[in-house]
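Have a look at the structure below before the remarks.
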Amino acid sequence: LVAAALLSAPSSARARLVRRLARVGAAVPLDTLRELVSFLVTLCCYCSSGGSPHADQPTSTGNGPGSSTLGDKPLPLFLTCRRLQADLLAANRILEDAGLKIPLRGLHMPKFQLTEEQAAIVARDVQASELLAISAFAGTGKTSTLRMYSCLRPHLSFLYICFNVSVRQEAQRTFPDNVTCKNAHQLAFGACGFKYRAKLADELRTEELLACSVFDGLVKAAPKQGRGFDTQRFEVVEACLSTLQSFLNSASPEVKDEHLPRPSPGVIREGVVTAAAICSAVRALWGRMKSVGDTEVRMTHSGYLKLYSLSRPKLPYDVVLLDE
């Protein structure tokens, strides 16, 4: 009945019918789906060859499309199509056992076979604004699953984001053409990070910021000369940088008490400086980081990545793949 409906339906209705069948496909045994596909192919070949569903005699002689021979004796077309169906089923099982070996452009997955979890992910059509999270250990095939997902949807545009240059280069070599592969920092640098090219640094160092005016007045209770003052100022700067890094790694749009180090630094526990003063200093430090002309407080890679995330960019892609 399903085969008859698919064959008799017009093109527009056939697409809707296939989508409806896909929604109930999880309850259909795999062997039944194999039988259906092979039957459809066989029926198409049979009908295109001029056969009839009730034919049991050869419709022509010789080597035309409506006949088959075994030696000098012609075989009925119906028996020929039955043999074709059996061959299709056998070939299907052999290909499944051997894994995917079809040389598609941009695809390199030798002997790749989907597990039950991977098959469920690949078959899932992500809707607009939907988030699908895949949690798995390293080396379990997350990237291969994303590659297969994008390969099976050539009509969609994908953005593949990773955090490693070598992973990006491998993805550019193996993902299909409808996928744009970029690093997260590469994406952010092209949008806003390039403005800070002259003041970029891998990280902010405590010893380089000891003399920064942002921290003046935070340790008023300490002696202004001697080792005690220097030590406390060093600890305050460290606490501020730790708070800043926690803020940069968060989704929060502004510095809050929740970004302070845990457990609380000694300078806060001992009353040398308050948590509010630390947060205020970090906000000032972040403001100077964002200033293109301020070269005393440099911009870090985490900093312009944070700026990019706060800008809430509109990405011109149908699906974003984040491979963390």
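In the structure tokens, chains take letters A, B, ... by order of appearance, with residues numbered from 1 within each chain and ligands from 1 in the order shown.
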
Q: Show which residues sit within 12 Å of Asn249 of chain A, as a VMD selection string. Count only C-alpha atoms, and ignore same-chain residues fewer than 5 positions away.
A: chain A and resid 242 to 244 254 to 255 259 301 to 307 309 to 310

Please write the residues from the selection above to a file, keeping N, CA, C and O atoms, as a PDB file, in the first residue's frame.
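Writing done, so here's selection-v7.pdb:
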```pdb
ATOM      1  N   SER A 242      41.726  37.639  38.032  1.00  0.00           N
ATOM      2  CA  SER A 242      40.961  36.399  38.136  1.00  0.00           C
ATOM      3  C   SER A 242      39.469  36.666  37.948  1.00  0.00           C
ATOM      4  O   SER A 242      38.765  35.896  37.271  1.00  0.00           O
ATOM      5  N   THR A 243      38.990  37.754  38.518  1.00  0.00           N
ATOM      6  CA  THR A 243      37.584  38.142  38.345  1.00  0.00           C
ATOM      7  C   THR A 243      37.292  38.501  36.896  1.00  0.00           C
ATOM      8  O   THR A 243      36.247  38.129  36.335  1.00  0.00           O
ATOM      9  N   LEU A 244      38.210  39.222  36.275  1.00  0.00           N
ATOM     10  CA  LEU A 244      38.044  39.598  34.869  1.00  0.00           C
ATOM     11  C   LEU A 244      37.966  38.369  33.968  1.00  0.00           C
ATOM     12  O   LEU A 244      37.104  38.286  33.082  1.00  0.00           O
ATOM     13  N   GLU A 254      27.806  41.937  32.176  1.00  0.00           N
ATOM     14  CA  GLU A 254      28.537  42.874  33.024  1.00  0.00           C
ATOM     15  C   GLU A 254      29.169  42.133  34.201  1.00  0.00           C
ATOM     16  O   GLU A 254      28.779  41.009  34.539  1.00  0.00           O
ATOM     17  N   VAL A 255      30.154  42.786  34.813  1.00  0.00           N
ATOM     18  CA  VAL A 255      30.879  42.205  35.940  1.00  0.00           C
ATOM     19  C   VAL A 255      30.008  42.234  37.188  1.00  0.00           C
ATOM     20  O   VAL A 255      29.439  43.267  37.535  1.00  0.00           O
ATOM     21  N   HIS A 259      31.426  36.675  39.756  1.00  0.00           N
ATOM     22  CA  HIS A 259      32.671  36.432  39.024  1.00  0.00           C
ATOM     23  C   HIS A 259      33.904  36.484  39.927  1.00  0.00           C
ATOM     24  O   HIS A 259      35.007  36.187  39.460  1.00  0.00           O
ATOM     25  N   HIS A 301      42.731  37.702  23.493  1.00  0.00           N
ATOM     26  CA  HIS A 301      41.883  36.945  22.567  1.00  0.00           C
ATOM     27  C   HIS A 301      40.535  36.614  23.215  1.00  0.00           C
ATOM     28  O   HIS A 301      39.498  36.647  22.551  1.00  0.00           O
ATOM     29  N   SER A 302      40.560  36.317  24.500  1.00  0.00           N
ATOM     30  CA  SER A 302      39.294  36.079  25.207  1.00  0.00           C
ATOM     31  C   SER A 302      38.465  37.354  25.274  1.00  0.00           C
ATOM     32  O   SER A 302      37.234  37.296  25.285  1.00  0.00           O
ATOM     33  N   GLY A 303      39.152  38.499  25.290  1.00  0.00           N
ATOM     34  CA  GLY A 303      38.451  39.773  25.375  1.00  0.00           C
ATOM     35  C   GLY A 303      37.650  40.082  24.129  1.00  0.00           C
ATOM     36  O   GLY A 303      36.459  40.435  24.211  1.00  0.00           O
ATOM     37  N   TYR A 304      38.265  39.985  22.937  1.00  0.00           N
ATOM     38  CA  TYR A 304      37.493  40.310  21.732  1.00  0.00           C
ATOM     39  C   TYR A 304      36.476  39.211  21.411  1.00  0.00           C
ATOM     40  O   TYR A 304      35.473  39.467  20.750  1.00  0.00           O
ATOM     41  N   LEU A 305      36.725  37.979  21.894  1.00  0.00           N
ATOM     42  CA  LEU A 305      35.704  36.942  21.750  1.00  0.00           C
ATOM     43  C   LEU A 305      34.477  37.283  22.601  1.00  0.00           C
ATOM     44  O   LEU A 305      33.332  37.078  22.184  1.00  0.00           O
ATOM     45  N   LYS A 306      34.714  37.838  23.800  1.00  0.00           N
ATOM     46  CA  LYS A 306      33.623  38.287  24.654  1.00  0.00           C
ATOM     47  C   LYS A 306      32.864  39.444  23.996  1.00  0.00           C
ATOM     48  O   LYS A 306      31.615  39.468  24.010  1.00  0.00           O
ATOM     49  N   LEU A 307      33.580  40.378  23.419  1.00  0.00           N
ATOM     50  CA  LEU A 307      32.926  41.487  22.727  1.00  0.00           C
ATOM     51  C   LEU A 307      32.052  40.988  21.582  1.00  0.00           C
ATOM     52  O   LEU A 307      30.938  41.491  21.361  1.00  0.00           O
ATOM     53  N   SER A 309      30.596  38.047  21.342  1.00  0.00           N
ATOM     54  CA  SER A 309      29.404  37.380  21.868  1.00  0.00           C
ATOM     55  C   SER A 309      28.389  38.388  22.391  1.00  0.00           C
ATOM     56  O   SER A 309      27.177  38.208  22.246  1.00  0.00           O
ATOM     57  N   LEU A 310      28.874  39.473  22.989  1.00  0.00           N
ATOM     58  CA  LEU A 310      27.972  40.504  23.492  1.00  0.00           C
ATOM     59  C   LEU A 310      27.274  41.266  22.364  1.00  0.00           C
ATOM     60  O   LEU A 310      26.220  41.860  22.571  1.00  0.00           O
TER      61      LEU A 310
END
```

Need the shell around segment 148-153 of chain A: protein/DNA/RNA residues with any atom at most 8 Å away, counting only C-alpha atoms. Skip same-chain ones fewer than 5 positions apart. Format as a tab-separated table (two decimals) with all heavy atoms, in the first residue's frame?
```
chain	number	residue	atom	x	y	z
A	107	LEU	N	33.92	14.43	1.10
A	107	LEU	CA	33.55	13.48	2.14
A	107	LEU	C	34.62	12.41	2.25
A	107	LEU	O	35.01	11.81	1.25
A	107	LEU	CB	32.20	12.84	1.82
A	107	LEU	CG	31.63	11.86	2.84
A	107	LEU	CD1	31.34	12.60	4.14
A	107	LEU	CD2	30.37	11.21	2.32
A	121	ILE	N	20.78	11.09	15.87
A	121	ILE	CA	21.18	12.49	15.72
A	121	ILE	C	21.12	12.91	14.26
A	121	ILE	O	20.59	13.97	13.91
A	121	ILE	CB	22.60	12.70	16.28
A	121	ILE	CG1	22.61	12.45	17.79
A	121	ILE	CG2	23.11	14.10	15.96
A	121	ILE	CD1	23.99	12.35	18.38
A	122	VAL	N	21.66	12.07	13.39
A	122	VAL	CA	21.70	12.39	11.96
A	122	VAL	C	20.29	12.50	11.38
A	122	VAL	O	20.02	13.33	10.50
A	122	VAL	CB	22.53	11.33	11.21
A	122	VAL	CG1	22.38	11.48	9.71
A	122	VAL	CG2	23.99	11.44	11.60
A	123	ALA	N	19.36	11.70	11.88
A	123	ALA	CA	17.99	11.70	11.36
A	123	ALA	C	17.16	12.87	11.90
A	123	ALA	O	16.08	13.14	11.38
A	123	ALA	CB	17.30	10.39	11.70
A	158	PHE	N	25.78	25.48	6.42
A	158	PHE	CA	26.24	25.19	7.78
A	158	PHE	C	27.46	26.05	8.11
A	158	PHE	O	28.29	26.34	7.24
A	158	PHE	CB	26.63	23.72	7.92
A	158	PHE	CG	25.48	22.76	7.86
A	158	PHE	CD1	24.98	22.33	6.64
A	158	PHE	CD2	24.89	22.28	9.02
A	158	PHE	CE1	23.92	21.44	6.57
A	158	PHE	CE2	23.84	21.39	8.96
A	158	PHE	CZ	23.35	20.97	7.74
A	175	PHE	N	34.79	18.08	5.25
A	175	PHE	CA	33.37	18.43	5.25
A	175	PHE	C	32.91	18.78	3.84
A	175	PHE	O	33.72	19.24	3.01
A	175	PHE	CB	33.11	19.60	6.20
A	175	PHE	CG	32.84	19.19	7.62
A	175	PHE	CD1	33.87	18.71	8.42
A	175	PHE	CD2	31.56	19.26	8.15
A	175	PHE	CE1	33.63	18.33	9.74
A	175	PHE	CE2	31.31	18.87	9.46
A	175	PHE	CZ	32.34	18.40	10.26
A	176	PRO	N	31.62	18.62	3.54
A	176	PRO	CA	31.12	18.95	2.20
A	176	PRO	C	31.16	20.45	1.94
A	176	PRO	O	31.41	21.26	2.83
A	176	PRO	CB	29.69	18.40	2.22
A	176	PRO	CG	29.32	18.33	3.66
A	176	PRO	CD	30.59	18.02	4.39
A	178	ASN	N	28.88	22.63	1.43
A	178	ASN	CA	27.87	23.51	2.02
A	178	ASN	C	28.19	23.88	3.47
A	178	ASN	O	27.36	24.44	4.17
A	178	ASN	CB	26.49	22.85	1.95
A	178	ASN	CG	26.45	21.52	2.69
A	178	ASN	OD1	27.39	20.73	2.63
A	178	ASN	ND2	25.36	21.23	3.37
A	179	VAL	N	29.42	23.58	3.91
A	179	VAL	CA	29.84	23.86	5.28
A	179	VAL	C	31.01	24.85	5.26
A	179	VAL	O	32.01	24.61	4.58
A	179	VAL	CB	30.25	22.58	6.03
A	179	VAL	CG1	30.65	22.91	7.47
A	179	VAL	CG2	29.12	21.57	6.02
```

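Here atom CA of Ser129 of chain A and atom CA of Asp318 of chain A stand 10.0 Å from one another.
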
Q: Have a look at A:Ser311, A:Ser166, A:Thr145, A:Thr300 and name the one nearest to Phe194 of chain A; count only C-alpha atoms.
A: A:Thr300

Q) In terms of the shortest atom-to-atom distance over only C-alpha atoms, which of A:Arg197, A:Arg233, A:His155, A:Arg173 is closest to Tyr317 of chain A? A) A:His155

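Counting only C-alpha atoms, the residue from A:Thr206, A:Thr180, A:Ser213, A:Thr115 that sits nearest to Cys240 of chain A is A:Thr206.
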
Q. Which is closest to Leu315 of chain A among A:Ala136, A:Ala191, A:Cys162, A:Ala276, if we use only C-alpha atoms?
A. A:Ala191

Find the nearest atom pair between each residue of segment 141-259 of chain A and segment 284-288 of chain A for residues within 12 Å, count only C-alpha atoms, give distances in Å to one decimal, sort rows by chain and ascending number, and present the table as a Markdown table.
```
| residue | atom | partner | partner_atom | distance |
| --- | --- | --- | --- | --- |
| A:Tyr196 | CA | A:Arg288 | CA | 12.0 |
| A:Lys199 | CA | A:Arg288 | CA | 11.5 |
| A:Leu204 | CA | A:Leu285 | CA | 10.7 |
| A:Leu209 | CA | A:Leu285 | CA | 10.1 |
| A:Cys212 | CA | A:Leu285 | CA | 9.3 |
| A:Ser213 | CA | A:Leu285 | CA | 9.7 |
| A:Val214 | CA | A:Leu285 | CA | 6.6 |
| A:Phe215 | CA | A:Leu285 | CA | 9.0 |
| A:Asp216 | CA | A:Ala284 | CA | 11.8 |
| A:Val237 | CA | A:Leu285 | CA | 10.6 |
| A:Cys240 | CA | A:Leu285 | CA | 8.7 |
| A:Leu241 | CA | A:Leu285 | CA | 9.0 |
| A:Thr243 | CA | A:Trp286 | CA | 10.8 |
| A:Leu244 | CA | A:Trp286 | CA | 7.5 |
| A:Gln245 | CA | A:Trp286 | CA | 10.3 |
| A:Phe247 | CA | A:Trp286 | CA | 9.8 |
| A:Leu248 | CA | A:Trp286 | CA | 9.5 |
| A:Pro253 | CA | A:Trp286 | CA | 11.7 |
| A:Glu254 | CA | A:Trp286 | CA | 9.7 |
| A:Val255 | CA | A:Trp286 | CA | 9.1 |
```

Could those selected residues go to a file with N, CA and C atoms, as a PDB file, in the first residue's frame?
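Result went into part-v4.pdb, see below:
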```pdb
ATOM      1  N   TYR A 196      41.883  45.640  17.389  1.00  0.00           N
ATOM      2  CA  TYR A 196      42.838  45.641  18.500  1.00  0.00           C
ATOM      3  C   TYR A 196      44.160  44.967  18.117  1.00  0.00           C
ATOM      4  N   LYS A 199      47.279  46.131  19.922  1.00  0.00           N
ATOM      5  CA  LYS A 199      47.406  45.987  21.373  1.00  0.00           C
ATOM      6  C   LYS A 199      47.001  44.585  21.846  1.00  0.00           C
ATOM      7  N   LEU A 204      46.697  39.004  30.192  1.00  0.00           N
ATOM      8  CA  LEU A 204      47.152  40.126  31.012  1.00  0.00           C
ATOM      9  C   LEU A 204      47.929  39.581  32.202  1.00  0.00           C
ATOM     10  N   LEU A 209      50.740  44.987  35.213  1.00  0.00           N
ATOM     11  CA  LEU A 209      49.662  45.921  35.548  1.00  0.00           C
ATOM     12  C   LEU A 209      49.780  46.501  36.954  1.00  0.00           C
ATOM     13  N   CYS A 212      49.398  50.181  36.996  1.00  0.00           N
ATOM     14  CA  CYS A 212      48.212  50.725  36.325  1.00  0.00           C
ATOM     15  C   CYS A 212      47.386  51.558  37.312  1.00  0.00           C
ATOM     16  N   SER A 213      46.938  52.701  36.876  1.00  0.00           N
ATOM     17  CA  SER A 213      46.204  53.623  37.757  1.00  0.00           C
ATOM     18  C   SER A 213      44.841  53.086  38.182  1.00  0.00           C
ATOM     19  N   VAL A 214      44.337  52.051  37.510  1.00  0.00           N
ATOM     20  CA  VAL A 214      43.050  51.459  37.873  1.00  0.00           C
ATOM     21  C   VAL A 214      43.068  50.976  39.315  1.00  0.00           C
ATOM     22  N   PHE A 215      44.221  50.512  39.774  1.00  0.00           N
ATOM     23  CA  PHE A 215      44.307  49.897  41.101  1.00  0.00           C
ATOM     24  C   PHE A 215      44.747  50.884  42.185  1.00  0.00           C
ATOM     25  N   ASP A 216      44.953  52.111  41.810  1.00  0.00           N
ATOM     26  CA  ASP A 216      45.320  53.107  42.819  1.00  0.00           C
ATOM     27  C   ASP A 216      44.148  53.333  43.770  1.00  0.00           C
ATOM     28  N   VAL A 237      45.707  42.963  42.481  1.00  0.00           N
ATOM     29  CA  VAL A 237      45.734  42.882  41.012  1.00  0.00           C
ATOM     30  C   VAL A 237      45.419  41.454  40.561  1.00  0.00           C
ATOM     31  N   CYS A 240      41.742  40.887  40.854  1.00  0.00           N
ATOM     32  CA  CYS A 240      41.026  41.586  39.789  1.00  0.00           C
ATOM     33  C   CYS A 240      41.141  40.842  38.460  1.00  0.00           C
ATOM     34  N   LEU A 241      42.339  40.363  38.135  1.00  0.00           N
ATOM     35  CA  LEU A 241      42.523  39.628  36.873  1.00  0.00           C
ATOM     36  C   LEU A 241      41.768  38.307  36.882  1.00  0.00           C
ATOM     37  N   THR A 243      38.990  37.754  38.518  1.00  0.00           N
ATOM     38  CA  THR A 243      37.584  38.142  38.345  1.00  0.00           C
ATOM     39  C   THR A 243      37.292  38.501  36.896  1.00  0.00           C
ATOM     40  N   LEU A 244      38.210  39.222  36.275  1.00  0.00           N
ATOM     41  CA  LEU A 244      38.044  39.598  34.869  1.00  0.00           C
ATOM     42  C   LEU A 244      37.966  38.369  33.968  1.00  0.00           C
ATOM     43  N   GLN A 245      38.852  37.396  34.205  1.00  0.00           N
ATOM     44  CA  GLN A 245      38.858  36.193  33.372  1.00  0.00           C
ATOM     45  C   GLN A 245      37.566  35.399  33.538  1.00  0.00           C
ATOM     46  N   PHE A 247      34.688  36.664  34.237  1.00  0.00           N
ATOM     47  CA  PHE A 247      33.677  37.424  33.506  1.00  0.00           C
ATOM     48  C   PHE A 247      33.784  37.156  32.004  1.00  0.00           C
ATOM     49  N   LEU A 248      34.988  37.145  31.473  1.00  0.00           N
ATOM     50  CA  LEU A 248      35.175  36.913  30.036  1.00  0.00           C
ATOM     51  C   LEU A 248      34.705  35.519  29.622  1.00  0.00           C
ATOM     52  N   PRO A 253      26.564  39.903  30.737  1.00  0.00           N
ATOM     53  CA  PRO A 253      26.940  41.124  30.018  1.00  0.00           C
ATOM     54  C   PRO A 253      27.729  42.119  30.865  1.00  0.00           C
ATOM     55  N   GLU A 254      27.806  41.937  32.176  1.00  0.00           N
ATOM     56  CA  GLU A 254      28.537  42.874  33.024  1.00  0.00           C
ATOM     57  C   GLU A 254      29.169  42.133  34.201  1.00  0.00           C
ATOM     58  N   VAL A 255      30.154  42.786  34.813  1.00  0.00           N
ATOM     59  CA  VAL A 255      30.879  42.205  35.940  1.00  0.00           C
ATOM     60  C   VAL A 255      30.008  42.234  37.188  1.00  0.00           C
TER      61      VAL A 255
END
```

(Q) Please extract the residues of segment 121-291 of chain A with a backbone DSSP assignment of strand (DSSP E) and present them as a ChimeraX atom specification. (A) /A:158-162,179-183,200-201

Take the residues from that selection and put them in a file with N, CA, C and O atoms, as a PDB file, in the first residue's frame.
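Output file again.pdb is given in full below:
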```pdb
ATOM      1  N   PHE A 158      25.781  25.481   6.420  1.00  0.00           N
ATOM      2  CA  PHE A 158      26.244  25.194   7.776  1.00  0.00           C
ATOM      3  C   PHE A 158      27.460  26.048   8.111  1.00  0.00           C
ATOM      4  O   PHE A 158      28.291  26.338   7.241  1.00  0.00           O
ATOM      5  N   LEU A 159      27.549  26.416   9.378  1.00  0.00           N
ATOM      6  CA  LEU A 159      28.778  27.023   9.920  1.00  0.00           C
ATOM      7  C   LEU A 159      29.311  26.069  10.977  1.00  0.00           C
ATOM      8  O   LEU A 159      28.644  25.804  11.982  1.00  0.00           O
ATOM      9  N   TYR A 160      30.505  25.546  10.738  1.00  0.00           N
ATOM     10  CA  TYR A 160      31.160  24.631  11.685  1.00  0.00           C
ATOM     11  C   TYR A 160      32.193  25.422  12.484  1.00  0.00           C
ATOM     12  O   TYR A 160      33.120  26.007  11.906  1.00  0.00           O
ATOM     13  N   ILE A 161      32.013  25.478  13.806  1.00  0.00           N
ATOM     14  CA  ILE A 161      32.903  26.246  14.674  1.00  0.00           C
ATOM     15  C   ILE A 161      33.664  25.283  15.583  1.00  0.00           C
ATOM     16  O   ILE A 161      33.063  24.433  16.252  1.00  0.00           O
ATOM     17  N   CYS A 162      34.978  25.415  15.616  1.00  0.00           N
ATOM     18  CA  CYS A 162      35.817  24.618  16.506  1.00  0.00           C
ATOM     19  C   CYS A 162      36.815  25.545  17.190  1.00  0.00           C
ATOM     20  O   CYS A 162      36.854  26.744  16.919  1.00  0.00           O
ATOM     21  N   VAL A 179      29.424  23.577   3.905  1.00  0.00           N
ATOM     22  CA  VAL A 179      29.842  23.861   5.280  1.00  0.00           C
ATOM     23  C   VAL A 179      31.011  24.846   5.263  1.00  0.00           C
ATOM     24  O   VAL A 179      32.015  24.614   4.580  1.00  0.00           O
ATOM     25  N   THR A 180      30.891  25.936   6.011  1.00  0.00           N
ATOM     26  CA  THR A 180      31.985  26.882   6.231  1.00  0.00           C
ATOM     27  C   THR A 180      32.631  26.565   7.578  1.00  0.00           C
ATOM     28  O   THR A 180      31.942  26.534   8.602  1.00  0.00           O
ATOM     29  N   CYS A 181      33.926  26.313   7.586  1.00  0.00           N
ATOM     30  CA  CYS A 181      34.639  25.887   8.799  1.00  0.00           C
ATOM     31  C   CYS A 181      35.494  27.044   9.316  1.00  0.00           C
ATOM     32  O   CYS A 181      36.337  27.572   8.576  1.00  0.00           O
ATOM     33  N   LYS A 182      35.281  27.406  10.584  1.00  0.00           N
ATOM     34  CA  LYS A 182      36.043  28.494  11.184  1.00  0.00           C
ATOM     35  C   LYS A 182      36.304  28.201  12.652  1.00  0.00           C
ATOM     36  O   LYS A 182      35.550  27.490  13.301  1.00  0.00           O
ATOM     37  N   ASN A 183      37.399  28.805  13.171  1.00  0.00           N
ATOM     38  CA  ASN A 183      37.636  28.815  14.614  1.00  0.00           C
ATOM     39  C   ASN A 183      36.753  29.883  15.254  1.00  0.00           C
ATOM     40  O   ASN A 183      36.373  30.858  14.611  1.00  0.00           O
ATOM     41  N   LEU A 200      47.131  43.598  20.979  1.00  0.00           N
ATOM     42  CA  LEU A 200      46.743  42.235  21.335  1.00  0.00           C
ATOM     43  C   LEU A 200      47.789  41.580  22.221  1.00  0.00           C
ATOM     44  O   LEU A 200      49.002  41.795  22.062  1.00  0.00           O
ATOM     45  N   ALA A 201      47.326  40.781  23.165  1.00  0.00           N
ATOM     46  CA  ALA A 201      48.204  39.990  24.035  1.00  0.00           C
ATOM     47  C   ALA A 201      47.504  38.671  24.344  1.00  0.00           C
ATOM     48  O   ALA A 201      46.275  38.591  24.347  1.00  0.00           O
TER      49      ALA A 201
END
```

Q. In terms of the shortest atom-to-atom distance over only C-alpha atoms, which of A:Ala184, A:Val297, A:Ala120, A:Ile278 is closest to Val320 of chain A?
A.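 Looking only at the distances to Val320 of chain A, the closest residue turns out to be A:Ala184.
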
Q | Residue nearest Arg168 of chain A - candidates A:Val126, A:Asp257, A:Asp323, A:Glu207, atoms counted: only C-alpha atoms | A |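 The answer is A:Asp323, which sits nearest to Arg168 of chain A.
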